[in-house]
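Asker: The following block contains the structure, expressed as structure tokens.
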Amino acid sequence: MNTIAAVIIDQERTFADALAMRLNAEDDIQVVTVAHPSAAQPGWHADVIVLDGDLPDSLARCTAASRRPDAARVIMVSKTSQPSRILAAVEAGARAWVRKDESVEHLLCVLRGVARGETWLPPAETGNVLALLLRQRDRRRGGEGKLAMLTPRERQVLACLAAGDPRNRVAERLNLAPNTVRTHLQNIMAKLGVHSALEAVALARDRLER
């Protein structure tokens, strides 16, 4: 029987310690590390990481863990189950989302499944997550058509904004007057059907980075 090496990263020490004790009571699971978010991450190896999804940087941590050469499979645990947060976690590489008020037996079942390569989402939210994913896909497809209406200069302005440049920096990079950048931005928003520069960047970012 293969032993599943698990790491727990959680801001609630009591929860993390109690969970570690329960997981270690299983013959096929060994908790190799219980880490507080503020602690430096040692060079541990794990098959599964149980990660606190309520941490402000949980998505960044999930992405980093998923991209490591010896990538561990991440289970997000959280006090809530908002579809938008679940979708963001999945896009960051999480294999499962489990509420903290679920039973430990349920978490054990999910953990073993994830270790086998399975995925798991709360059934009550799966439909909502799928609907968000489809809306996101449709928005991107629609955005591609709208981007085709932009002039080359407008695309340059939008690309600079998507790269994080403030408007004054956009003007300097493209050798334009600030008022000209403002005019281009107004035209971009009108063509894309959005009401702010942030919306324009969000709509266009994926396409511009291809």
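Simple scheme: letters A, B, ... for chains in structure tokens order, numbers from 1 for residues in each chain, numbers from 1 for ligands in the order shown.
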I want to know what sits within 12 Å of range 154-168 of chain A, based on only C-alpha atoms, with residues of the same chain fewer than 5 positions away left out; could you give that as an MDAnalysis selection string?

Answerer: chainID A and resid 146:149 173:192 196:210

Asker: Residues within 9 Å of Val32 in chain A, please, as a PyMOL selection string. Count only C-alpha atoms; anything in the same chain fewer than 5 positions from it doesn't count.

Answerer: chain A and resi 5-8+44-46

Asker: Suppose we keep N, CA and C atoms; can you now write the selection as a CSV table (one decimal), in the first residue's frame?

Answerer:
```
chain,number,residue,atom,x,y,z
A,5,ALA,N,1.8,11.2,0.9
A,5,ALA,CA,2.5,12.3,1.7
A,5,ALA,C,1.7,13.6,1.5
A,6,ALA,N,1.2,14.1,2.7
A,6,ALA,CA,0.4,15.3,2.6
A,6,ALA,C,1.0,16.5,3.4
A,7,VAL,N,0.8,17.7,2.9
A,7,VAL,CA,1.2,18.9,3.6
A,7,VAL,C,-0.1,19.7,3.8
A,8,ILE,N,-0.2,20.3,5.0
A,8,ILE,CA,-1.3,21.2,5.4
A,8,ILE,C,-0.8,22.6,5.6
A,44,TRP,N,10.1,20.3,1.2
A,44,TRP,CA,9.4,19.1,1.4
A,44,TRP,C,8.8,18.5,0.1
A,45,HIS,N,8.7,17.2,0.1
A,45,HIS,CA,8.0,16.6,-1.0
A,45,HIS,C,6.6,16.1,-0.5
A,46,ALA,N,5.6,16.4,-1.4
A,46,ALA,CA,4.3,15.9,-1.0
A,46,ALA,C,3.5,15.5,-2.2
```

Asker: Skip range 48-62 of chain A itself and residues of its chain fewer than 2 positions away, then list as a PyMOL selection string all residues within 8 Å of it, counting only C-alpha atoms.

Answerer: chain A and resi 4-11+46+64-66+72-79+88-89+92-94+111+114-115

Asker: Export N, CA and C atoms of the chosen residues as a compact mmCIF listing (two decimals), in the first residue's frame?

Answerer:
```
# COMPACT_ATOMS: atom_id res chain seq x y z
N ILE A 4 0.34 8.17 1.12
CA ILE A 4 0.14 9.50 0.55
C ILE A 4 0.81 10.53 1.46
N ALA A 5 1.79 11.23 0.92
CA ALA A 5 2.46 12.29 1.68
C ALA A 5 1.66 13.58 1.53
N ALA A 6 1.24 14.14 2.66
CA ALA A 6 0.38 15.32 2.64
C ALA A 6 1.02 16.48 3.39
N VAL A 7 0.76 17.68 2.90
CA VAL A 7 1.17 18.91 3.56
C VAL A 7 -0.08 19.73 3.84
N ILE A 8 -0.16 20.33 5.00
CA ILE A 8 -1.28 21.19 5.37
C ILE A 8 -0.76 22.61 5.55
N ILE A 9 -1.34 23.56 4.83
CA ILE A 9 -0.99 24.97 4.98
C ILE A 9 -2.28 25.71 5.32
N ASP A 10 -2.34 26.22 6.54
CA ASP A 10 -3.58 26.85 6.99
C ASP A 10 -3.28 27.93 8.02
N GLN A 11 -4.06 29.00 7.97
CA GLN A 11 -3.85 30.11 8.91
C GLN A 11 -4.45 29.82 10.29
N ALA A 46 5.61 16.36 -1.38
CA ALA A 46 4.26 15.95 -1.01
C ALA A 46 3.51 15.47 -2.24
N ALA A 64 1.97 28.25 -7.81
CA ALA A 64 3.38 27.91 -7.60
C ALA A 64 3.56 26.42 -7.32
N ALA A 65 2.67 25.86 -6.50
CA ALA A 65 2.77 24.44 -6.17
C ALA A 65 2.51 23.57 -7.40
N SER A 66 1.58 24.00 -8.23
CA SER A 66 1.20 23.21 -9.41
C SER A 66 2.27 23.23 -10.49
N ALA A 72 2.74 18.85 -6.57
CA ALA A 72 1.77 18.18 -5.72
C ALA A 72 0.37 18.58 -6.18
N ARG A 73 -0.60 17.74 -5.89
CA ARG A 73 -1.98 18.05 -6.22
C ARG A 73 -2.58 18.84 -5.06
N VAL A 74 -3.25 19.93 -5.40
CA VAL A 74 -3.73 20.87 -4.38
C VAL A 74 -5.22 20.69 -4.13
N ILE A 75 -5.58 20.59 -2.85
CA ILE A 75 -6.97 20.62 -2.41
C ILE A 75 -7.17 21.94 -1.66
N MET A 76 -8.08 22.75 -2.12
CA MET A 76 -8.40 23.99 -1.42
C MET A 76 -9.48 23.69 -0.38
N VAL A 77 -9.26 24.17 0.84
CA VAL A 77 -10.29 24.06 1.88
C VAL A 77 -10.68 25.48 2.28
N SER A 78 -11.96 25.72 2.45
CA SER A 78 -12.43 27.08 2.70
C SER A 78 -13.71 27.06 3.52
N LYS A 79 -14.00 28.20 4.14
CA LYS A 79 -15.24 28.34 4.89
C LYS A 79 -16.42 28.60 3.97
N ALA A 88 -11.67 30.21 -10.00
CA ALA A 88 -10.32 30.79 -9.96
C ALA A 88 -9.31 29.79 -9.42
N ALA A 89 -9.72 29.00 -8.43
CA ALA A 89 -8.83 27.99 -7.86
C ALA A 89 -8.52 26.90 -8.88
N ALA A 92 -6.10 28.04 -11.28
CA ALA A 92 -4.76 28.13 -10.68
C ALA A 92 -4.12 26.76 -10.50
N GLY A 93 -4.88 25.70 -10.78
CA GLY A 93 -4.32 24.36 -10.70
C GLY A 93 -4.88 23.47 -9.61
N ALA A 94 -5.83 23.97 -8.81
CA ALA A 94 -6.41 23.14 -7.74
C ALA A 94 -7.17 21.95 -8.32
N LEU A 111 -9.30 13.48 -0.61
CA LEU A 111 -7.83 13.45 -0.62
C LEU A 111 -7.33 12.19 -1.33
N VAL A 114 -8.00 12.56 -5.07
CA VAL A 114 -7.07 13.50 -5.69
C VAL A 114 -5.69 12.86 -5.85
N ALA A 115 -5.26 12.10 -4.85
CA ALA A 115 -3.97 11.41 -4.94
C ALA A 115 -3.94 10.42 -6.09
```

Asker: So what do you get for CA of Phe15 in chain A versus CA of Gly127 in chain A, distance-wise?

Answerer: 29.4 Å

Asker: As an exercise, work out the distance from CA of Thr3 in chain A to CA of Asp27 in chain A in Å and give it to one decimal place.

Answerer: 7.6 Å

Asker: Just checking: using only C-alpha atoms, which residue out of A:Glu125, A:Glu26, A:Glu12, A:Glu172 ends up closest to Val104 in chain A?

Answerer: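 Nearest candidate to Val104 in chain A out of A:Glu125, A:Glu26, A:Glu12, A:Glu172: A:Glu26.
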
Asker: Pick out each residue of range 6-189 of chain A that DSSP on the backbone tags as strand (DSSP E); I need them as a compact mmCIF listing (two decimals) with N, CA and C atoms, in the first residue's frame.

Answerer:
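Printed below is selection.txt as written:
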```txt
# COMPACT_ATOMS: atom_id res chain seq x y z
N ALA A 6 1.24 14.14 2.66
CA ALA A 6 0.38 15.32 2.64
C ALA A 6 1.02 16.48 3.39
N VAL A 7 0.76 17.68 2.90
CA VAL A 7 1.17 18.91 3.56
C VAL A 7 -0.08 19.73 3.84
N ILE A 8 -0.16 20.33 5.00
CA ILE A 8 -1.28 21.19 5.37
C ILE A 8 -0.76 22.61 5.55
N ILE A 9 -1.34 23.56 4.83
CA ILE A 9 -0.99 24.97 4.98
C ILE A 9 -2.28 25.71 5.32
N ILE A 29 -1.91 7.52 4.94
CA ILE A 29 -1.63 8.95 4.82
C ILE A 29 -0.60 9.35 5.87
N GLN A 30 0.37 10.15 5.45
CA GLN A 30 1.36 10.68 6.38
C GLN A 30 1.48 12.19 6.15
N VAL A 31 1.20 12.97 7.16
CA VAL A 31 1.36 14.42 7.07
C VAL A 31 2.83 14.74 7.31
N VAL A 32 3.49 15.23 6.29
CA VAL A 32 4.93 15.49 6.41
C VAL A 32 5.21 16.89 6.93
N THR A 33 4.26 17.81 6.76
CA THR A 33 4.45 19.18 7.23
C THR A 33 3.11 19.81 7.54
N VAL A 34 3.06 20.54 8.66
CA VAL A 34 1.93 21.44 8.95
C VAL A 34 2.54 22.83 8.99
N ALA A 35 2.21 23.66 7.99
CA ALA A 35 2.88 24.95 7.84
C ALA A 35 1.91 26.10 8.05
N VAL A 48 0.02 15.49 -1.97
CA VAL A 48 -1.18 16.34 -1.88
C VAL A 48 -0.91 17.48 -0.90
N ILE A 49 -1.35 18.67 -1.27
CA ILE A 49 -1.29 19.82 -0.38
C ILE A 49 -2.71 20.24 -0.04
N VAL A 50 -3.02 20.29 1.23
CA VAL A 50 -4.31 20.80 1.69
C VAL A 50 -4.08 22.27 2.03
N LEU A 51 -4.59 23.15 1.19
CA LEU A 51 -4.27 24.58 1.25
C LEU A 51 -5.48 25.40 1.67
N ASP A 52 -5.27 26.31 2.59
CA ASP A 52 -6.33 27.22 3.05
C ASP A 52 -6.72 28.15 1.91
N ARG A 73 -0.60 17.74 -5.89
CA ARG A 73 -1.98 18.05 -6.22
C ARG A 73 -2.58 18.84 -5.06
N VAL A 74 -3.25 19.93 -5.40
CA VAL A 74 -3.73 20.87 -4.38
C VAL A 74 -5.22 20.69 -4.13
N ILE A 75 -5.58 20.59 -2.85
CA ILE A 75 -6.97 20.62 -2.41
C ILE A 75 -7.17 21.94 -1.66
N MET A 76 -8.08 22.75 -2.12
CA MET A 76 -8.40 23.99 -1.42
C MET A 76 -9.48 23.69 -0.38
N VAL A 77 -9.26 24.17 0.84
CA VAL A 77 -10.29 24.06 1.88
C VAL A 77 -10.68 25.48 2.28
N SER A 78 -11.96 25.72 2.45
CA SER A 78 -12.43 27.08 2.70
C SER A 78 -13.71 27.06 3.52
N ALA A 96 -9.31 20.14 -6.25
CA ALA A 96 -10.54 19.95 -5.48
C ALA A 96 -10.79 21.16 -4.60
N TRP A 97 -12.06 21.34 -4.24
CA TRP A 97 -12.48 22.41 -3.32
C TRP A 97 -13.40 21.78 -2.28
N VAL A 98 -13.02 21.91 -1.02
CA VAL A 98 -13.79 21.30 0.08
C VAL A 98 -14.06 22.35 1.14
N ARG A 99 -15.30 22.44 1.59
CA ARG A 99 -15.63 23.37 2.67
C ARG A 99 -15.10 22.82 4.00
```

Asker: Give the helix (DSSP H, G or I) residues of range 35-146 of chain A, as assigned by DSSP on the backbone, as a ChimeraX atom specification.

Answerer: /A:58-67,83-91,104-115,123-146

Asker: Between CA of Pro37 in chain A and CA of Arg13 in chain A, what distance in Å does the model show, to one decimal?

Answerer: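 Distance reported for this atom pair: 10.0 Å.
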